[in-house]
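Chemist: Dropping the structure in here first, questions after.
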Amino acid sequence: MRNRALKTWPAAAVWILLLAGPPQSPAEESLHRVWAVKDCKIITQSGPAIEKGTVVIRDGLIEAVGPGAAVPADAETIDGSALTVYPGLIDILNQSLLKLPELKFDQTKILTGQYTDEDKGITPGLLAFDIIDLSKAAVEKLHKYGFAAVQALPMRGLLTGQAAVFSVSGTDKNQSLLLKDNALGIGFSPANFMVYPNSLMGVVSFLRQEFSDVSYFIMRRDRWRKDMRGLARPAYVARHDLLADYAAAGKPAVFFCRNQHDIRRALELAPELKLDFFILDQGSESWRVLPELKKAGARVFCPVDFKVPASSLHSQFGKEKKEAAEKELYPKNPARLAEAGIPFAFCSVGTDDPKSFMEGVVKAVENGLPSAQALEAMTITASRFLGLDRALGTVEKGKIANLVLVEGDLLAVEPKVHYLFADGTKFDVLKAKAEAAAKPTVNVSGKWEFDIQGAGLKVTMDLVQEDTGLSGRMSTPFGAFDFTGGTVSGNQIDFETTLQVGGQSIDLYFSALVEGDRMTGSVVQGTEGSAEFTAKRIPG
Amino acid sequence: MKQPERLLILAAVLVLARPYPGAAEGKDLHLKNGNIITVTGETVKGGDLVIRGGKITGIGKNIQTPAGAAVVDLAGRWAMPGIIDSHSHIAIEGSVNEMGDLMTPEVDIRDVINPEDIYIVYALAGGVTTIHTMHGSGNPIGGRGIVLKLRWGKSAEEMIFRGAPLTIKWALGENPKRSNALGMGPSRYPRTRMGVEAAIRLEFEKTKDYLNTWAQHENRLKALKKGEPPPLPPRKDLRLEVLADILKGKYWVRCHAYQSEEMLSIMRLCDEYGLKLACFEHGLEGYRITNELVRYGVAVSSFADFWAYKWEAYNTMPHSAALMAQRGVLTALNSDDAERMRRLFHEAAKTVRFGGLSEAEALKTITINPAIILGIADRTGSLEVGKDADIAVFNRHPFDPYTVCEMTLVDGEIFFDRAGYLEARKKAEEEKKKPEEEAGKEKRS
């Protein structure tokens, strides 16, 4: 009798956007530099903090650390007497640097039923390395908050793609790369179309069959390679070949869990599929399943946006109850993980930029997470999760020189970062900040037409600039949305809007450079990556 | 009090006030001085029920309270077996239909149980203790269902009715042939009732081939000489594996059907393949073929007075369920709906009103009959010594138009207690008022 209709094609899908990599910026200053940071406090993360010591950096690596470390004759020294040196922070599931390929909404597909793997969200061949965009602005933004390494992973769909890890040391991804194709994304996301699997239960069944097929593919391939004589040659399946690296607990998969039920599902499914795995706790509901996580020896990627999932009873009975849970219960998730002794690393999923990421981290600390553990979750634990603990995560001799030099505490909403080293390259963050905070050189007040590429979408913006502040209204086919809190500095504008479409809210983060009556920039939407846009002023 | 506020408080009570006080698991209970509707035996007026270790250990008059048991005075209220809804779609996360393919027996409700569906609470408030929750009716062979005991507050694993036979949902007629879904995509085979049956038949022929391939492989392995490399096994197809298990009788088929002709033809098909056809879902035209249904030994899980909502659901009447039951068809009433689920006792009463079923037979349609259909009648469905203490307590006879369910026990544990709930709600309302009153005082002063 019951026969729920096909999901309405979300109007939001037009926001699912695309790439087209911009030309590479020239490489940052090259390596092979020698630095000595003198008289600084050092949070080593490998042992107790050093109250006053020296860190020597040579050719991209940490050469020496300690109270008595000698300053080499060829070193350029930095007076660190007012500074604290931390290991560079690691953003473990960065989304904002990825330019996801466009999903084409195609009426003929619906009429013919000729869907591709992409339509089903089955894109294990989508490599973060191929679609990363390390723009100068993005790199500088990360530096401002102390991030010296990122793991990026496409998160759209079911088998979403493969991750890559970069040092945030420049705009050349080949130079910056630490690990390529090091993790697989698995989302419990049914297809949006009438194509298998288009239900959650179908997704689980699909994963079972898929990894069973991968094992079969490996067996047949290996048997044939061992002795070709007398054995029929197995057909090549590109998808299975890619997934073969992950089968039999090879490289790890990351299960994107929207709520506690997804976490339970992943904990049950991962051993069944013989996958080495991480849990991404997108619903901040680890606290509901601590014994299960503990028993499974799970490792958790912990976001800090603390949004109550729709499935929670706390969000089903009105705004008041939901907000109370959002304020009082869900931000305690990291503290509860720490209490239970479950290893976790913070990740930026659900936050639009490094600033809101740090706001979330601070909120976690305010809600009972010891700050030392918060720091571990962004340094040493993160590096261990990435299998990079020999290279990152602490201030130790021989490790990659990813360091933050900060005045005061690093874990703050606006940390006073002076310098950041990534791969031993020095970035003068203070100077960059001063330049960025420059007085506006443009006035963008007025009406603009934004042309968002890939989405094939034009929206009208009414912008109001008051000194460095920016507010306005965005008029879209789905309604008009007001925003405030944007900024203008130099000729750059940044602002964030939240669309309410079909009962869900979609955060969009716009960033653009203005030249006269034109602007060019990018718009980031949560896990859907980012897209380029151009805009022109409408006279009048 | 405004409605939204009341809802909010209800939520607070439901979330925060569970489990109910005094309902510790495994605690022995003595329900005294009530009217005990056993369903399978005589109703005991002014009788007692004793529960130890989650099981019923005594039914009768003037039973001595066992040492350590908590006493609940029923004060003339009515206790009946917990109601069983053998056709439900609650407590499922995500879509109940996998529409991406025609045949999807591999999908399993067990993978998507949502133990925090608020409708579980509402069902308990209507005396329901056990449900069979399953795939929708979009596919000829849809997916695997699951029997749950409504142990609200427990995990999905802890809700599963252990030992209940496995079930598989089939569907015939308008839904699988997409009669009412034109324009939603390419036309999908099958588009006719004969096509639906043929599609099922084709699938089982494919399964037979698949089993054959594996049998040949096993034979080759057996005949393997020493030193010879073993042959490559065939590919494991998890969809066909389930179909093979259906062929082997490991699943009880639950077949959504309205029309008598297609019910007859699917009985023939199941006979031909030796399948265990347990029940027709809805079966609104079942009253026309009662002899055939009885001869085949298939049950019907139906509605009391819900029909004519689509073409294939016209040729029936509210007397249908009673007529089938009177002619010896194992007949149950189901909800198929989260709301109707809360008042199945009144659905059962309708069979008395329309079809003239006896009260005793009418009660069976929501207790022991669905238990037999689900293969769990040895555990639940009636009040008998040795069975699970799944009990619903009503303030009046459950068929009384003014009856209210006051308490629901699953395995001897109280999961719904109206008095306790009302008290908790009152407290929550007072708690909420306090800061408001204080704020008001401050304003005045």
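Residues are referred to by chain and number: the chain letter is A, B, ... according to the order shown in the structure tokens, the number counts from 1 in that chain, and ligands are numbered separately from 1 in the order shown.
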Pick out the chain A residues within 6 Å of chain B. Count only C-alpha atoms. Give them as a PyMOL selection string.
Modeler: chain A and resi 2-3+110-113+194-202+205+317
Chemist: Put those residues in a file: N, CA and C atoms, as a tab-separated table (two decimals), in the first residue's frame.
Modeler:
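And here is the file that came out, out_34.tsv:
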chain	number	residue	atom	x	y	z
A	2	ARG	N	1.71	1.31	1.02
A	2	ARG	CA	2.54	2.48	1.18
A	2	ARG	C	3.58	2.51	0.07
A	3	ASN	N	3.78	3.62	-0.48
A	3	ASN	CA	4.63	3.68	-1.65
A	3	ASN	C	5.10	5.12	-1.79
A	110	ILE	N	16.33	11.42	-17.02
A	110	ILE	CA	15.14	11.02	-16.29
A	110	ILE	C	14.17	10.32	-17.23
A	111	LEU	N	14.11	10.82	-18.46
A	111	LEU	CA	13.17	10.22	-19.42
A	111	LEU	C	13.66	8.87	-19.93
A	112	THR	N	14.97	8.72	-20.06
A	112	THR	CA	15.48	7.48	-20.64
A	112	THR	C	15.99	6.50	-19.59
A	113	GLY	N	16.27	6.99	-18.43
A	113	GLY	CA	16.83	6.12	-17.40
A	113	GLY	C	18.28	5.76	-17.65
A	194	MET	N	15.82	7.81	-10.04
A	194	MET	CA	15.26	6.46	-9.99
A	194	MET	C	16.31	5.48	-10.48
A	195	VAL	N	17.38	5.39	-9.76
A	195	VAL	CA	18.45	4.49	-10.17
A	195	VAL	C	19.04	3.87	-8.91
A	196	TYR	N	19.46	2.63	-9.05
A	196	TYR	CA	19.94	1.87	-7.89
A	196	TYR	C	21.30	2.37	-7.44
A	197	PRO	N	21.54	2.55	-6.16
A	197	PRO	CA	20.59	2.42	-5.04
A	197	PRO	C	19.97	3.77	-4.71
A	198	ASN	N	18.65	3.84	-4.65
A	198	ASN	CA	18.04	5.12	-4.32
A	198	ASN	C	17.35	5.12	-2.96
A	199	SER	N	17.74	4.17	-2.10
A	199	SER	CA	17.26	4.17	-0.72
A	199	SER	C	18.47	3.88	0.18
A	200	LEU	N	18.33	4.23	1.45
A	200	LEU	CA	19.42	3.96	2.39
A	200	LEU	C	19.72	2.47	2.48
A	201	MET	N	18.65	1.66	2.54
A	201	MET	CA	18.87	0.21	2.63
A	201	MET	C	19.53	-0.30	1.36
A	202	GLY	N	19.20	0.34	0.22
A	202	GLY	CA	19.83	-0.02	-1.05
A	202	GLY	C	21.32	0.30	-1.03
A	205	SER	N	23.11	-2.43	0.80
A	205	SER	CA	23.18	-3.62	-0.04
A	205	SER	C	24.19	-3.43	-1.17
A	317	PHE	N	10.88	18.31	17.83
A	317	PHE	CA	9.81	18.93	18.62
A	317	PHE	C	10.02	20.42	18.81
Chemist: So which residues touch Arg327 of chain B within 10 Å, counting only C-alpha atoms, skipping near sequence neighbours fewer than 6 positions away, as a ChimeraX atom specification?
Modeler: /B:287,289-291,293-294
Chemist: So, with only C-alpha atoms as the atoms that count, which of B:Glu361, B:Glu347, B:Glu437, B:Glu197 lies closest to Val329 of chain B?
Modeler: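 Counting only C-alpha atoms, the residue closest to Val329 of chain B is B:Glu361.
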Chemist: Using atom CA of Ile78 of chain A and atom CA of Val37 of chain A as the two end points, give the distance in Å to one decimal.
Modeler: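 Atom CA of Val37 of chain A lies at a distance of 4.7 Å from atom CA of Ile78 of chain A.
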Chemist: Point out the residue among B:His132, B:Arg288, B:His217, B:His30 with the least atom-to-atom distance to Ile56 of chain B, counting only C-alpha atoms.
Modeler: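 Among the listed residues, the smallest separation from Ile56 of chain B belongs to B:His30.
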Chemist: Just give me the gap between atom CA of Asp411 of chain B and atom CA of Ile168 of chain B in Å, one decimal is fine.
Modeler: 26.1 Å
Chemist: I'd like the neighbourhood of Val44 of chain B as a PyMOL selection string, where a residue qualifies if any of its atoms comes within 10 Å (using only C-alpha atoms), though same-chain residues fewer than 2 positions away should be ignored.
Modeler: chain B and resi 33-38+41-42+46-49+59-61+78-79
Chemist: Kindly indicate which residue among B:Gly145, B:Gly82, B:Gly386, B:Gly227 lies nearest to Tyr251 of chain B, using only C-alpha atoms for the distances.
Modeler: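 Of B:Gly145, B:Gly82, B:Gly386, B:Gly227, the one nearest Tyr251 of chain B is B:Gly145, counting only C-alpha atoms.
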Chemist: Neighbours of Lys149 of chain B within 8 Å (only C-alpha atoms; same-chain residues fewer than 2 positions away dropped), as a list in words?
Modeler: Thr129, Thr130, Ile131, Val147, Arg151, Met159, Ile160, Phe161 and Val410 of chain B
Chemist: Can you tell me, as a VMD selection string, what residues are no more than 10 Å from Asp74 of chain A when counting only C-alpha atoms, ignoring any on the same chain fewer than 4 positions away?
Modeler: chain A and resid 33 to 36 58
Chemist: Export, as a short mmCIF file (atom, residue, chain, number, x, y, z; two decimals), in the first residue's frame, the selected residues with C-alpha atoms.
Modeler:
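Saved the output as again_7.cif:
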data_model
loop_
_atom_site.label_atom_id
_atom_site.label_comp_id
_atom_site.auth_asym_id
_atom_site.auth_seq_id
_atom_site.Cartn_x
_atom_site.Cartn_y
_atom_site.Cartn_z
CA ARG A 33 66.42 27.94 3.77
CA VAL A 34 67.88 27.89 7.26
CA TRP A 35 66.07 29.52 10.15
CA ALA A 36 66.55 29.64 13.91
CA ARG A 58 66.90 23.54 7.54
#
Chemist: DSSP on the backbone, then: every residue of segment 305-390 of chain A marked helix (DSSP H, G or I), written as a PyMOL selection string.
Modeler: chain A and resi 313-315+319-328+330-339+354-366+371-376+380-385
Chemist: Just the residues within 10 Å of segment 350-360 of chain B, please, counting only C-alpha atoms, with nothing from its chain fewer than 3 positions along; format it as a PyMOL selection string.
Modeler: chain B and resi 37-43+303-305+317-326+333+344-347+363-365+399
Chemist: Put those residues in a file: N, CA and C atoms, as a tab-separated table (two decimals), in the first residue's frame.
Modeler:
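Produced file result-v2.tsv, reproduced below:
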chain	number	residue	atom	x	y	z
B	37	ILE	N	-8.22	-10.85	29.49
B	37	ILE	CA	-8.63	-11.42	28.19
B	37	ILE	C	-7.47	-12.26	27.68
B	38	THR	N	-7.61	-13.56	27.74
B	38	THR	CA	-6.47	-14.40	27.34
B	38	THR	C	-6.43	-14.61	25.83
B	39	VAL	N	-7.55	-14.44	25.15
B	39	VAL	CA	-7.74	-14.65	23.71
B	39	VAL	C	-7.81	-16.13	23.34
B	40	THR	N	-6.86	-16.93	23.80
B	40	THR	CA	-6.91	-18.35	23.43
B	40	THR	C	-7.72	-19.17	24.43
B	41	GLY	N	-8.01	-18.59	25.62
B	41	GLY	CA	-8.84	-19.30	26.60
B	41	GLY	C	-9.97	-18.40	27.07
B	42	GLU	N	-10.52	-18.75	28.21
B	42	GLU	CA	-11.62	-17.96	28.76
B	42	GLU	C	-11.09	-16.63	29.30
B	43	THR	N	-11.94	-15.62	29.27
B	43	THR	CA	-11.61	-14.36	29.93
B	43	THR	C	-11.83	-14.53	31.43
B	303	PHE	N	-7.55	-4.75	6.01
B	303	PHE	CA	-8.08	-3.57	6.68
B	303	PHE	C	-9.53	-3.84	7.10
B	304	ALA	N	-10.02	-3.08	8.10
B	304	ALA	CA	-11.40	-3.26	8.53
B	304	ALA	C	-12.36	-2.53	7.61
B	305	ASP	N	-12.11	-1.26	7.34
B	305	ASP	CA	-13.05	-0.52	6.49
B	305	ASP	C	-12.32	0.57	5.73
B	317	MET	N	-15.70	-4.63	0.59
B	317	MET	CA	-16.68	-4.01	1.51
B	317	MET	C	-16.14	-4.20	2.92
B	318	PRO	N	-16.69	-3.46	3.87
B	318	PRO	CA	-16.17	-3.55	5.24
B	318	PRO	C	-16.39	-4.94	5.86
B	319	HIS	N	-17.22	-5.76	5.24
B	319	HIS	CA	-17.48	-7.09	5.80
B	319	HIS	C	-16.42	-8.10	5.40
B	320	SER	N	-15.50	-7.68	4.54
B	320	SER	CA	-14.55	-8.62	3.93
B	320	SER	C	-13.75	-9.40	4.97
B	321	ALA	N	-13.16	-8.72	5.95
B	321	ALA	CA	-12.31	-9.41	6.93
B	321	ALA	C	-13.13	-10.43	7.72
B	322	ALA	N	-14.34	-10.03	8.14
B	322	ALA	CA	-15.18	-10.93	8.92
B	322	ALA	C	-15.59	-12.14	8.09
B	323	LEU	N	-15.95	-11.88	6.81
B	323	LEU	CA	-16.35	-12.99	5.94
B	323	LEU	C	-15.22	-14.01	5.80
B	324	MET	N	-14.01	-13.52	5.61
B	324	MET	CA	-12.86	-14.42	5.47
B	324	MET	C	-12.66	-15.22	6.75
B	325	ALA	N	-12.70	-14.52	7.90
B	325	ALA	CA	-12.48	-15.20	9.18
B	325	ALA	C	-13.54	-16.26	9.42
B	326	GLN	N	-14.80	-15.92	9.09
B	326	GLN	CA	-15.90	-16.88	9.30
B	326	GLN	C	-15.76	-18.10	8.42
B	333	LEU	N	-5.81	-8.08	11.12
B	333	LEU	CA	-5.95	-6.68	10.72
B	333	LEU	C	-4.62	-5.98	10.97
B	344	LEU	N	-5.72	0.00	16.69
B	344	LEU	CA	-6.05	-1.28	16.05
B	344	LEU	C	-7.18	-1.99	16.79
B	345	PHE	N	-7.29	-1.73	18.12
B	345	PHE	CA	-8.36	-2.37	18.90
B	345	PHE	C	-9.74	-1.96	18.38
B	346	HIS	N	-9.85	-0.72	17.90
B	346	HIS	CA	-11.13	-0.29	17.34
B	346	HIS	C	-11.31	-0.80	15.92
B	347	GLU	N	-10.21	-1.01	15.22
B	347	GLU	CA	-10.31	-1.64	13.90
B	347	GLU	C	-10.89	-3.04	14.06
B	363	LEU	N	-11.02	-10.25	18.46
B	363	LEU	CA	-9.78	-9.98	19.20
B	363	LEU	C	-8.59	-10.71	18.60
B	364	LYS	N	-8.89	-11.90	18.08
B	364	LYS	CA	-7.79	-12.69	17.49
B	364	LYS	C	-7.14	-11.97	16.30
B	365	THR	N	-7.90	-11.15	15.58
B	365	THR	CA	-7.36	-10.53	14.36
B	365	THR	C	-6.21	-9.56	14.65
B	399	PHE	N	-12.86	-2.99	23.13
B	399	PHE	CA	-13.79	-2.66	22.04
B	399	PHE	C	-14.74	-1.53	22.43
Chemist: Considering only C-alpha atoms, return as a tab-separated table (two decimals) with N, CA and C atoms, in the first residue's frame whatever protein or nucleic-acid residues lie within 6 Å of segment 391-397 of chain B, sequence-local ones (same chain, fewer than 5 positions apart) excluded.
Modeler:
chain	number	residue	atom	x	y	z
B	77	ARG	N	-9.70	-3.08	35.60
B	77	ARG	CA	-9.33	-2.76	34.22
B	77	ARG	C	-9.14	-4.04	33.40
B	78	TRP	N	-8.96	-3.85	32.10
B	78	TRP	CA	-8.91	-5.00	31.18
B	78	TRP	C	-7.47	-5.20	30.68
B	79	ALA	N	-6.99	-6.42	30.87
B	79	ALA	CA	-5.66	-6.75	30.34
B	79	ALA	C	-5.82	-7.68	29.16
B	80	MET	N	-5.18	-7.37	28.06
B	80	MET	CA	-5.23	-8.25	26.88
B	80	MET	C	-3.81	-8.47	26.35
B	81	PRO	N	-3.64	-9.46	25.49
B	81	PRO	CA	-2.30	-9.66	24.93
B	81	PRO	C	-1.86	-8.39	24.18
B	82	GLY	N	-0.58	-8.07	24.24
B	82	GLY	CA	-0.08	-6.93	23.48
B	82	GLY	C	-0.48	-7.08	22.02
B	127	GLY	N	-1.29	0.20	22.79
B	127	GLY	CA	-1.27	-1.19	23.21
B	127	GLY	C	-0.51	-2.13	22.30
B	403	THR	N	-12.72	3.44	25.34
B	403	THR	CA	-11.60	2.80	26.02
B	403	THR	C	-10.30	3.58	25.80
B	404	VAL	N	-9.42	3.51	26.80
B	404	VAL	CA	-8.12	4.16	26.70
B	404	VAL	C	-7.06	3.16	27.16
B	405	CYS	N	-6.01	3.05	26.42
B	405	CYS	CA	-4.91	2.17	26.84
B	405	CYS	C	-4.15	2.86	27.97
B	406	GLU	N	-3.98	2.15	29.06
B	406	GLU	CA	-3.37	2.78	30.22
B	406	GLU	C	-1.95	2.30	30.49
B	407	MET	N	-1.66	1.10	30.03
B	407	MET	CA	-0.33	0.57	30.33
B	407	MET	C	0.04	-0.47	29.29
B	408	THR	N	1.28	-0.47	28.86
B	408	THR	CA	1.74	-1.48	27.89
B	408	THR	C	3.04	-2.08	28.38
B	409	LEU	N	3.07	-3.40	28.44
B	409	LEU	CA	4.26	-4.11	28.90
B	409	LEU	C	4.83	-4.95	27.77
Chemist: Could you pull out all residues of segment 73-255 of chain A with a DSSP call of strand (DSSP E) and give them as an NGL selection string?
Modeler: :A and (76-79 or 84-87 or 89-94 or 147-152 or 159-167 or 177-187 or 253-255)
Chemist: Emit the selected residues as a tab-separated table (two decimals), in the first residue's frame, including C-alpha atoms.
Modeler:
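Result written to part08.tsv:
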chain	number	residue	atom	x	y	z
A	76	GLU	CA	68.62	33.65	9.72
A	77	THR	CA	67.34	34.18	13.25
A	78	ILE	CA	63.88	35.13	14.43
A	79	ASP	CA	63.48	36.60	17.90
A	84	THR	CA	55.15	30.31	21.27
A	85	VAL	CA	55.99	27.65	18.70
A	86	TYR	CA	53.32	25.04	18.04
A	87	PRO	CA	53.30	22.18	15.56
A	89	LEU	CA	47.66	22.45	12.73
A	90	ILE	CA	46.17	19.82	10.45
A	91	ASP	CA	42.74	20.19	8.84
A	92	ILE	CA	41.78	16.63	8.23
A	93	LEU	CA	38.78	16.70	5.86
A	94	ASN	CA	39.06	20.01	4.11
A	147	PHE	CA	46.99	25.41	9.56
A	148	ALA	CA	50.08	24.00	7.87
A	149	ALA	CA	48.65	20.77	6.45
A	150	VAL	CA	45.32	19.62	5.03
A	151	GLN	CA	43.80	16.37	3.94
A	152	ALA	CA	41.19	17.03	1.27
A	159	LEU	CA	31.74	6.15	-3.10
A	160	THR	CA	32.82	9.76	-3.11
A	161	GLY	CA	36.43	9.76	-4.16
A	162	GLN	CA	39.94	9.58	-2.77
A	163	ALA	CA	41.81	11.90	-0.46
A	164	ALA	CA	45.15	13.63	-0.71
A	165	VAL	CA	47.25	15.30	1.97
A	166	PHE	CA	49.15	18.53	1.38
A	167	SER	CA	51.47	20.77	3.27
A	177	LEU	CA	51.77	16.92	-1.77
A	178	LEU	CA	52.37	14.63	1.21
A	179	LEU	CA	50.13	11.66	0.38
A	180	LYS	CA	48.06	10.89	-2.68
A	181	ASP	CA	44.92	8.71	-2.80
A	182	ASN	CA	45.33	7.80	0.86
A	183	ALA	CA	41.68	7.35	1.89
A	184	LEU	CA	38.32	6.51	0.31
A	185	GLY	CA	35.10	8.37	1.12
A	186	ILE	CA	31.91	6.39	1.72
A	187	GLY	CA	28.64	8.28	2.18
A	253	ALA	CA	37.83	4.26	4.17
A	254	VAL	CA	36.05	7.15	5.85
A	255	PHE	CA	32.37	6.52	6.60
